[in-house]
Amino acid sequence: MFVLSGRIEKAAIAELRRLFELQTDFREIVLDLKDVRVVDREVMRFFVSCEADGVKLENCALYIREWMEREKD
């Protein structure tokens with residue numbers, strides 16, 4: 001489980017990808033977003049791709065979840 005907090009911006013994506021590569025199975029990765037307050041568009045799209053790859057997003061703020069759903073359409 002990776003716990004994220006605060007403002008998550010595009011620069012964080014590379015570090016998260018690096019950490020994910022250390023895992024053997026993306027389906028075992030959980031991102032806890034309980035304390036995430038702000039994300040930019042690139043991060044939101046990254047979260048969409050994470051879920052598509054089997055990463056579980058927990059405690060996702062409603063506005064982020066709704067934004068992700070709109071991007072899928």
# chains A, B, ... in the order shown; residues from 1 in each chain; ligands from 1

$ select_by_dssp --residues "chain A" --states "strand (DSSP E or B)" --output "VMD selection string"
chain A and resid 2 to 8 30 to 39 56 to 58

$ select_by_dssp --residues "chain A" --states "helix (DSSP H, G or I)" --output "PyMOL selection string"
chain A and resi 11-21+26-28+41-52+62-72

$ write_last_selection --atoms "N, CA and C atoms" --output "short mmCIF file (atom, residue, chain, number, x, y, z; two decimals), in the first residue's frame"
data_model
loop_
_atom_site.label_atom_id
_atom_site.label_comp_id
_atom_site.auth_asym_id
_atom_site.auth_seq_id
_atom_site.Cartn_x
_atom_site.Cartn_y
_atom_site.Cartn_z
N ALA A 11 4.92 15.69 -11.64
CA ALA A 11 6.28 15.26 -11.28
C ALA A 11 6.29 13.98 -10.44
N ALA A 12 5.21 13.72 -9.71
CA ALA A 12 5.14 12.54 -8.85
C ALA A 12 4.91 11.25 -9.64
N ILE A 13 4.42 11.36 -10.86
CA ILE A 13 4.09 10.17 -11.65
C ILE A 13 5.32 9.31 -11.90
N ALA A 14 6.43 9.90 -12.24
CA ALA A 14 7.66 9.13 -12.52
C ALA A 14 8.09 8.34 -11.29
N GLU A 15 8.01 8.96 -10.13
CA GLU A 15 8.40 8.27 -8.89
C GLU A 15 7.43 7.13 -8.58
N LEU A 16 6.15 7.36 -8.76
CA LEU A 16 5.18 6.29 -8.52
C LEU A 16 5.41 5.13 -9.49
N ARG A 17 5.66 5.43 -10.75
CA ARG A 17 5.94 4.36 -11.72
C ARG A 17 7.18 3.56 -11.32
N ARG A 18 8.19 4.25 -10.84
CA ARG A 18 9.40 3.57 -10.39
C ARG A 18 9.10 2.62 -9.23
N LEU A 19 8.30 3.08 -8.29
CA LEU A 19 7.91 2.24 -7.17
C LEU A 19 7.05 1.06 -7.62
N PHE A 20 6.17 1.29 -8.58
CA PHE A 20 5.32 0.22 -9.09
C PHE A 20 6.16 -0.87 -9.75
N GLU A 21 7.22 -0.47 -10.44
CA GLU A 21 8.07 -1.44 -11.13
C GLU A 21 8.74 -2.41 -10.16
N PHE A 26 0.75 -5.67 -10.37
CA PHE A 26 0.06 -4.41 -10.15
C PHE A 26 -1.24 -4.61 -9.37
N ARG A 27 -1.85 -5.79 -9.48
CA ARG A 27 -3.11 -6.05 -8.78
C ARG A 27 -2.92 -6.09 -7.27
N GLU A 28 -1.71 -6.16 -6.83
CA GLU A 28 -1.43 -6.15 -5.39
C GLU A 28 -1.14 -4.74 -4.88
N ARG A 41 -4.38 17.36 -13.92
CA ARG A 41 -5.00 16.51 -14.94
C ARG A 41 -4.16 15.29 -15.29
N GLU A 42 -2.85 15.46 -15.37
CA GLU A 42 -1.98 14.34 -15.70
C GLU A 42 -2.03 13.25 -14.63
N VAL A 43 -2.07 13.65 -13.38
CA VAL A 43 -2.16 12.69 -12.28
C VAL A 43 -3.50 11.97 -12.32
N MET A 44 -4.57 12.71 -12.58
CA MET A 44 -5.88 12.09 -12.66
C MET A 44 -5.89 11.04 -13.78
N ARG A 45 -5.32 11.36 -14.92
CA ARG A 45 -5.23 10.38 -16.02
C ARG A 45 -4.36 9.20 -15.63
N PHE A 46 -3.31 9.46 -14.87
CA PHE A 46 -2.46 8.39 -14.36
C PHE A 46 -3.26 7.45 -13.47
N PHE A 47 -4.09 8.01 -12.59
CA PHE A 47 -4.94 7.19 -11.74
C PHE A 47 -5.89 6.32 -12.56
N VAL A 48 -6.44 6.87 -13.63
CA VAL A 48 -7.32 6.10 -14.52
C VAL A 48 -6.55 4.92 -15.11
N SER A 49 -5.34 5.16 -15.58
CA SER A 49 -4.55 4.07 -16.16
C SER A 49 -4.12 3.06 -15.10
N CYS A 50 -3.88 3.53 -13.88
CA CYS A 50 -3.55 2.61 -12.79
C CYS A 50 -4.68 1.63 -12.56
N GLU A 51 -5.89 2.16 -12.46
CA GLU A 51 -7.04 1.27 -12.25
C GLU A 51 -7.21 0.30 -13.40
N ALA A 52 -6.99 0.76 -14.61
CA ALA A 52 -7.10 -0.12 -15.78
C ALA A 52 -6.08 -1.25 -15.70
N LEU A 62 -14.43 12.21 -3.75
CA LEU A 62 -15.52 12.16 -4.71
C LEU A 62 -15.21 12.96 -5.97
N TYR A 63 -14.63 14.15 -5.82
CA TYR A 63 -14.35 14.96 -7.01
C TYR A 63 -13.34 14.29 -7.92
N ILE A 64 -12.37 13.57 -7.35
CA ILE A 64 -11.38 12.86 -8.17
C ILE A 64 -12.05 11.70 -8.89
N ARG A 65 -12.86 10.94 -8.16
CA ARG A 65 -13.57 9.80 -8.75
C ARG A 65 -14.47 10.26 -9.89
N GLU A 66 -15.22 11.34 -9.70
CA GLU A 66 -16.11 11.85 -10.74
C GLU A 66 -15.31 12.32 -11.95
N TRP A 67 -14.18 12.98 -11.72
CA TRP A 67 -13.33 13.46 -12.80
C TRP A 67 -12.78 12.26 -13.58
N MET A 68 -12.37 11.23 -12.87
CA MET A 68 -11.86 10.03 -13.53
C MET A 68 -12.94 9.41 -14.41
N GLU A 69 -14.15 9.35 -13.92
CA GLU A 69 -15.25 8.76 -14.70
C GLU A 69 -15.52 9.57 -15.97
N ARG A 70 -15.47 10.87 -15.87
CA ARG A 70 -15.68 11.72 -17.06
C ARG A 70 -14.58 11.50 -18.09
N GLU A 71 -13.35 11.29 -17.64
CA GLU A 71 -12.24 11.08 -18.56
C GLU A 71 -12.34 9.75 -19.28
N LYS A 72 -12.99 8.77 -18.65
CA LYS A 72 -13.14 7.45 -19.28
C LYS A 72 -14.09 7.50 -20.46
#

$ closest_residue --among "A:Glu58, A:Asp53, A:Asp25, A:Val39" --to "A:Val3" --atoms "only C-alpha atoms"
A:Glu58

$ atom_distance --atom1 "atom CA of A:Leu57" --atom2 "atom CA of A:Lys10"
17.6 Å

$ residues_around --residues "A:Met1" --least-positions-apart "2" --cutoff "7 Å" --atoms "only C-alpha atoms" --output "list in words"
Val3, Ile29, Val30, Leu31 and Asp32 of chain A

$ atom_distance --atom1 "atom CA of A:Gly6" --atom2 "atom CA of A:Val55"
20.0 Å

$ atom_distance --atom1 "atom CA of A:Asp73" --atom2 "atom CA of A:Cys60"
19.0 Å
